[in-house]
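S.K.: My structure is below; once you've seen it, I'll send some questions.
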Amino acid sequence: MISRLLAAASLAALMPLAAQAAPKAAVSPDARADALIARMTIDEQIALVHGVMPSLMNPMPAGTIRSAGYIPGLERLHIPALKESDASLGVANAGRAHDDATALPSGLALAATFSEATAQAGGAMIGREARQKGFNVLLAGGVDLTREPRNGRNFEYLGEDPLLAGRMAAASIRGIQSQHMVSTTKHFAINDQETGRMIGNVEMPESAQRESDLLAFELAIEGGHPGSVMCAYNKVGGTYACENPHLLNEVLKGDWGYKGWVMSDWGAVHSLGAASNGLDQESGQQLDKQVYFDKPLKAAVESGQVSRARLHDMVHRIVREMIAKGLIDPPDPGKLDIAKDGAVALHAAEQGVVLLKNDHRLLPLAGSARRIVVIGGHADVGVLSGGGSSQVIPLNSVHFAPPKGAPPWGQGMWFDGSSPLKALQAAAPGAQVTFDAGTDPAAAAAAARSADVAIVFATHWVSEAYDARDLSLPENQDALIAAVAAANPRTVVVLESGVPNLMPWLDKVGAVVEAWYPGGRGGEAIANVLTGKVAPSGRLPITFPATLSQLPEPALPGADLPNETTPFDIRYAEGSDVGYRWFARQGEKPLFPFGYGLSYSAFRYSGLKLAGGKTLTASFTVTNTGARAATDTPQLYLKSEPHRAQQRLIGWSRVTLKPGESRTVSLTADPRLLASWADHGWRVDPGAYAVFVGSDAMTPVLSGSAKVAGANLRP
Ligand code: BGC
């Protein structure tokens, strides 16, 4: 590897004299990229705009790592190869045996922390581990909204609200890219379900797109500056997302001024026309019908069908980001330290656990709980993780056969080897903590009857390419919980799930804890919350419906089609009113609302002050009125605009307070959240905007309104 000095010198040699004379910091990545491209042959340029999927190859090209993507570098110009790994929740394994990695909790768990600091720390941890394994591009930053609660990839993403998802994705991307890495954000755009993901066509008015899924991407990109954006498999408005000139050229590169490169999803390129329509790099090329961006692109450039300027732009975007993000001759990343990285995963998991119900203060487990029976969910082994390309497989993971219908190319169903049973035994040494596998409800009920407390672990596996058919717990687990709760009302249910589950047994159990897929230290995180070492502070980043009939699409679009080859349209009826906004619009009461989560302490909000003007600012005081230190997340919601009711999250704050302590919080609305998309811009109507401060989307505590001046904001 060349030294840093040599790299700087060799790049300087490629710069125009004027640039060389300027101080070093003044030489922009753009100028450096152009100087390098000026020295490239057309073949060298073409080689940078398409790449293989090494994990499908045998043998793999020299120097590649078994993973999702590889694009060879240009040694003579000191441009390193792009070595790409999936990384939504940790460095994905992609079939590399004996390669340890730290599994973060799922994206939904991360979103439930409402903590950008936690997302950034997680990103930095993944970025570091990825570099230690030799990667320099992470296929992370998933920000598709939870529009369809059955989506098998919701667990990879960051919930249903564009502000929350966009900010959390930005923070995670910043963390990754702090480590001399490029991160993507994906899958652009409206890739909100797996059913029919290769053939579904989303038809949605422009305003609804801009105010929901596109806003999440916009915020992720402006706050995180990802080096690359991965376009999606599906069609939007009749055109595949990876060859969609509106999405790629007009919105992303035009309106948002995006400077990085667009890489395709694996197998998402359908024509050479994608190059002119905004795609910069064809990924996983073996999965496409042909390698469009190799010989066909070269011929098209030579014949003038695709301009030389466009090829230059494609390469420029890639090389510019490699320079800007520090991929050229980065510092030594050090050695993998699973114990240190595990602490990051543990902290995120603890913060992401959401306490949904806690009657009679059943939790935290009291010292009087001498006999505790843990039931089901393979809690003796570990905690469930979600499936697909994001699958991280720490060395202590345990494999189980996936349910019927799981994608054949998947790696099955994995449990991270962090056993809640063992963690509880360690955390409650005075108690007798036993285990019942939960396979026989009657036997489990008998065990519960003779225990002081029963804790049922319920699991629901979903995966990329495997949506949940409904939101009920699979494999008779509802019956198991009902039987246990009938035997002992002091029953706690711990959910490990990638979807918002229905809970027909809710009234019968004492407590419910949503642990999502809690990652490589998830068992400990759950035990720490159950025993009270950690006060729960997670808040739901998605709405939990009471019934499927409350959803805008009671049936999963495309699920009734006989195969995955007949194209179909998806017309999401809710438009931009995703999740809680749909429930507010319809006046429906969900099982648990967005933003909801209980604590072991209690909080009071007071003294709301609102200021208007160009935008709206709210300040108020949060007081911990309970008996223990804990963290609260008060949320600020728009309730109505001048001419219509409109609910939107416009801000939140995570506040950690000692008993009796108070803090004043001030939140200012991004004007786009007060605006509507109209006439190719954001329009803020002049007038009174009503807002409330609440503990969740359905629980207003302080209300008021402020006058905001009208404005037309260009994108
Ligand atoms: C997924 C992407 C992933 C890629 C590479 C695709 O199936 O949709 O999220 O990055 O594979 O593994």
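Going through the structure tokens in order, the chains are called A, B, and so on, while each chain numbers its residues from 1 and the ligands are numbered from 1 in the order shown.
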At a cut-off of 7 Å around ligand 1, and using only C-alpha atoms and all ligand atoms, what residues come up? Please write them as a list in words.
M.R.: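 The residues within 7 Å of ligand 1, counting only C-alpha atoms and all ligand atoms, are Ala68, Asp86, Leu139, His187, Asp265, Trp266 and Ser389 of chain A.
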S.K.: From a backbone DSSP assignment, name each residue in segment 7-234 of chain A labelled strand (DSSP E or B), as a VMD selection string.
M.R.: chain A and resid 50 52 69 to 71 74 79 82 to 86 137 to 139 142 182 to 188 200 to 202 228 to 231
S.K.: Would you mind telling me which residue in A:Ala124, A:Leu480, A:Val462, A:Leu311 lies nearest to Ser276 of chain A when using only C-alpha atoms?
M.R.: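 So, comparing all the options, the nearest one is A:Leu311.
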S.K.: For segment 223-227 of chain A, list every protein, DNA or RNA residue within 9 Å, evaluated using only C-alpha atoms, and leave out those in the same chain fewer than 2 positions away; present the list as a PyMOL selection string.
M.R.: chain A and resi 137+141+166-167+169-175+177+181-185+218-221+229+258-262+317-318+320-322+324-325
S.K.: For Thr656 of chain A, which residue among A:Phe692, A:Ser115, A:Phe568, A:Thr459 is the nearest when counting only C-alpha atoms?
M.R.: A:Ser115
S.K.: Considering only C-alpha atoms, state which residue in the set A:Ala431, A:Val374, A:Val665, A:Ala130 is at the smallest distance from Ala454 of chain A.
M.R.: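 Nearest to Ala454 of chain A: A:Val374.
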S.K.: I want to know what sits within 7 Å of segment 406-410 of chain A, based on only C-alpha atoms, with residues of the same chain fewer than 3 positions away left out; could you give that as a PyMOL selection string?
M.R.: chain A and resi 387-388+402-403+465-466
S.K.: Using only C-alpha atoms, which residues sit within 10 Å of Asn563 of chain A once same-chain residues fewer than 4 positions away are excluded, as a list in words?
M.R.: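 Result of the neighbour search: Thr195, Gly196, Gly558, Ala559 and Pro567 of chain A.
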S.K.: Please produce an output containing all heavy atoms for each residue in the selection, written as a compact mmCIF listing (two decimals), in the first residue's frame.
M.R.:
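Dumped everything to part14.txt:
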```
# COMPACT_ATOMS: atom_id res chain seq x y z
N THR A 195 -43.14 -8.07 -1.00
CA THR A 195 -44.02 -8.78 -1.93
C THR A 195 -44.02 -8.03 -3.26
O THR A 195 -44.34 -6.85 -3.30
CB THR A 195 -45.45 -8.85 -1.34
OG1 THR A 195 -45.36 -9.54 -0.09
CG2 THR A 195 -46.40 -9.58 -2.28
N GLY A 196 -43.59 -8.72 -4.30
CA GLY A 196 -43.54 -8.10 -5.62
C GLY A 196 -42.47 -7.03 -5.74
O GLY A 196 -42.60 -6.12 -6.56
N GLY A 558 -50.52 -7.20 -3.58
CA GLY A 558 -49.81 -8.20 -4.38
C GLY A 558 -49.79 -9.59 -3.77
O GLY A 558 -49.40 -10.56 -4.43
N ALA A 559 -50.22 -9.72 -2.52
CA ALA A 559 -50.11 -11.02 -1.85
C ALA A 559 -51.05 -12.05 -2.48
O ALA A 559 -50.84 -13.25 -2.37
CB ALA A 559 -50.41 -10.88 -0.37
N PRO A 567 -46.60 -8.19 -13.19
CA PRO A 567 -46.48 -6.84 -12.64
C PRO A 567 -47.81 -6.36 -12.07
O PRO A 567 -48.88 -6.74 -12.55
CB PRO A 567 -46.07 -6.00 -13.86
CG PRO A 567 -45.55 -6.97 -14.86
CD PRO A 567 -46.27 -8.25 -14.62
```
S.K.: Compare A:Ala268, A:Ala87, A:Ile126, A:Ala309 by their minimum atom-to-atom distance to Gln290 of chain A, counting only C-alpha atoms, and give me the closest one.
M.R.: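 Checking each candidate against Gln290 of chain A, we get A:Ala268 as the closest.
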S.K.: Fewer than 2 positions away in the same chain doesn't count, so skip those; otherwise give me all residues within 7 Å of Ala103 of chain A, counting only C-alpha atoms, as a list in words.
M.R.: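 Those residues are Leu89, Gly90, Ala101, Pro105, Ala345, Val392, Pro394, Gly519 and Gly520 of chain A.
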S.K.: Can you write out the residues you just picked, keeping all heavy atoms, as a PDB file, in the first residue's frame?
M.R.:
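Saved file selection20.pdb follows:
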```
ATOM      1  N   LEU A  89     -27.087  -3.504   9.912  1.00  0.00           N
ATOM      2  CA  LEU A  89     -27.129  -3.734  11.365  1.00  0.00           C
ATOM      3  C   LEU A  89     -25.831  -4.328  11.882  1.00  0.00           C
ATOM      4  O   LEU A  89     -25.805  -5.009  12.900  1.00  0.00           O
ATOM      5  CB  LEU A  89     -28.282  -4.691  11.690  1.00  0.00           C
ATOM      6  CG  LEU A  89     -29.584  -4.447  10.924  1.00  0.00           C
ATOM      7  CD1 LEU A  89     -30.548  -5.590  11.094  1.00  0.00           C
ATOM      8  CD2 LEU A  89     -30.217  -3.146  11.391  1.00  0.00           C
ATOM      9  N   GLY A  90     -24.760  -4.094  11.161  1.00  0.00           N
ATOM     10  CA  GLY A  90     -23.488  -4.731  11.480  1.00  0.00           C
ATOM     11  C   GLY A  90     -22.910  -5.222  10.168  1.00  0.00           C
ATOM     12  O   GLY A  90     -23.579  -5.160   9.133  1.00  0.00           O
ATOM     13  N   ALA A 101     -18.390 -10.733  13.956  1.00  0.00           N
ATOM     14  CA  ALA A 101     -18.827  -9.343  13.753  1.00  0.00           C
ATOM     15  C   ALA A 101     -19.836  -9.027  14.842  1.00  0.00           C
ATOM     16  O   ALA A 101     -20.462  -9.929  15.399  1.00  0.00           O
ATOM     17  CB  ALA A 101     -19.480  -9.162  12.380  1.00  0.00           C
ATOM     18  N   PRO A 105     -28.693  -4.035  17.370  1.00  0.00           N
ATOM     19  CA  PRO A 105     -30.127  -4.314  17.299  1.00  0.00           C
ATOM     20  C   PRO A 105     -30.684  -3.826  15.963  1.00  0.00           C
ATOM     21  O   PRO A 105     -30.033  -3.053  15.247  1.00  0.00           O
ATOM     22  CB  PRO A 105     -30.707  -3.520  18.464  1.00  0.00           C
ATOM     23  CG  PRO A 105     -29.673  -2.549  18.870  1.00  0.00           C
ATOM     24  CD  PRO A 105     -28.350  -3.111  18.463  1.00  0.00           C
ATOM     25  N   ALA A 345     -23.428  -2.179  21.010  1.00  0.00           N
ATOM     26  CA  ALA A 345     -24.669  -2.899  20.678  1.00  0.00           C
ATOM     27  C   ALA A 345     -25.565  -3.035  21.908  1.00  0.00           C
ATOM     28  O   ALA A 345     -26.791  -2.890  21.817  1.00  0.00           O
ATOM     29  CB  ALA A 345     -24.329  -4.276  20.103  1.00  0.00           C
ATOM     30  N   VAL A 392     -26.284 -10.397   9.964  1.00  0.00           N
ATOM     31  CA  VAL A 392     -24.982 -10.439  10.641  1.00  0.00           C
ATOM     32  C   VAL A 392     -24.960 -11.748  11.426  1.00  0.00           C
ATOM     33  O   VAL A 392     -25.952 -12.100  12.049  1.00  0.00           O
ATOM     34  CB  VAL A 392     -24.835  -9.250  11.619  1.00  0.00           C
ATOM     35  CG1 VAL A 392     -23.438  -9.199  12.208  1.00  0.00           C
ATOM     36  CG2 VAL A 392     -25.167  -7.943  10.919  1.00  0.00           C
ATOM     37  N   PRO A 394     -22.742 -13.240  14.205  1.00  0.00           N
ATOM     38  CA  PRO A 394     -21.643 -13.366  15.166  1.00  0.00           C
ATOM     39  C   PRO A 394     -21.303 -14.846  15.379  1.00  0.00           C
ATOM     40  O   PRO A 394     -22.164 -15.717  15.183  1.00  0.00           O
ATOM     41  CB  PRO A 394     -22.210 -12.745  16.442  1.00  0.00           C
ATOM     42  CG  PRO A 394     -23.317 -11.847  15.985  1.00  0.00           C
ATOM     43  CD  PRO A 394     -23.886 -12.523  14.769  1.00  0.00           C
ATOM     44  N   GLY A 519     -30.240  -7.790  18.788  1.00  0.00           N
ATOM     45  CA  GLY A 519     -28.816  -7.789  18.445  1.00  0.00           C
ATOM     46  C   GLY A 519     -27.957  -8.664  19.340  1.00  0.00           C
ATOM     47  O   GLY A 519     -28.438  -9.399  20.212  1.00  0.00           O
ATOM     48  N   GLY A 520     -26.662  -8.566  19.121  1.00  0.00           N
ATOM     49  CA  GLY A 520     -25.689  -9.511  19.697  1.00  0.00           C
ATOM     50  C   GLY A 520     -25.568  -9.489  21.205  1.00  0.00           C
ATOM     51  O   GLY A 520     -25.025 -10.418  21.794  1.00  0.00           O
TER      52      GLY A 520
END
```
S.K.: Running DSSP on the backbone, which parts of segment 36-82 of chain A land in alpha helix (DSSP H), as a list in words?
M.R.: Leu36, Ile37, Ile42, Asp43, Glu44, Gln45, Ile46, Ala47 and Leu48 of chain A
S.K.: For a quick check of understanding, using only C-alpha atoms, which of A:Ala706, A:Met168, A:Leu561, A:Ala697 has the smallest distance to Leu674 of chain A?
M.R.: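 Looking only at the distances to Leu674 of chain A, the closest residue turns out to be A:Ala706.
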S.K.: So what do you get for atom CA of Asp341 of chain A versus atom CA of Val353 of chain A, distance-wise?
M.R.: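 Here the two named atoms are 19.1 Å from each other.
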S.K.: For a test of reading the model, state the distance in Å between atom CA of Asp359 of chain A and atom CA of Ala602 of chain A, rounded to one decimal.
M.R.: 14.5 Å
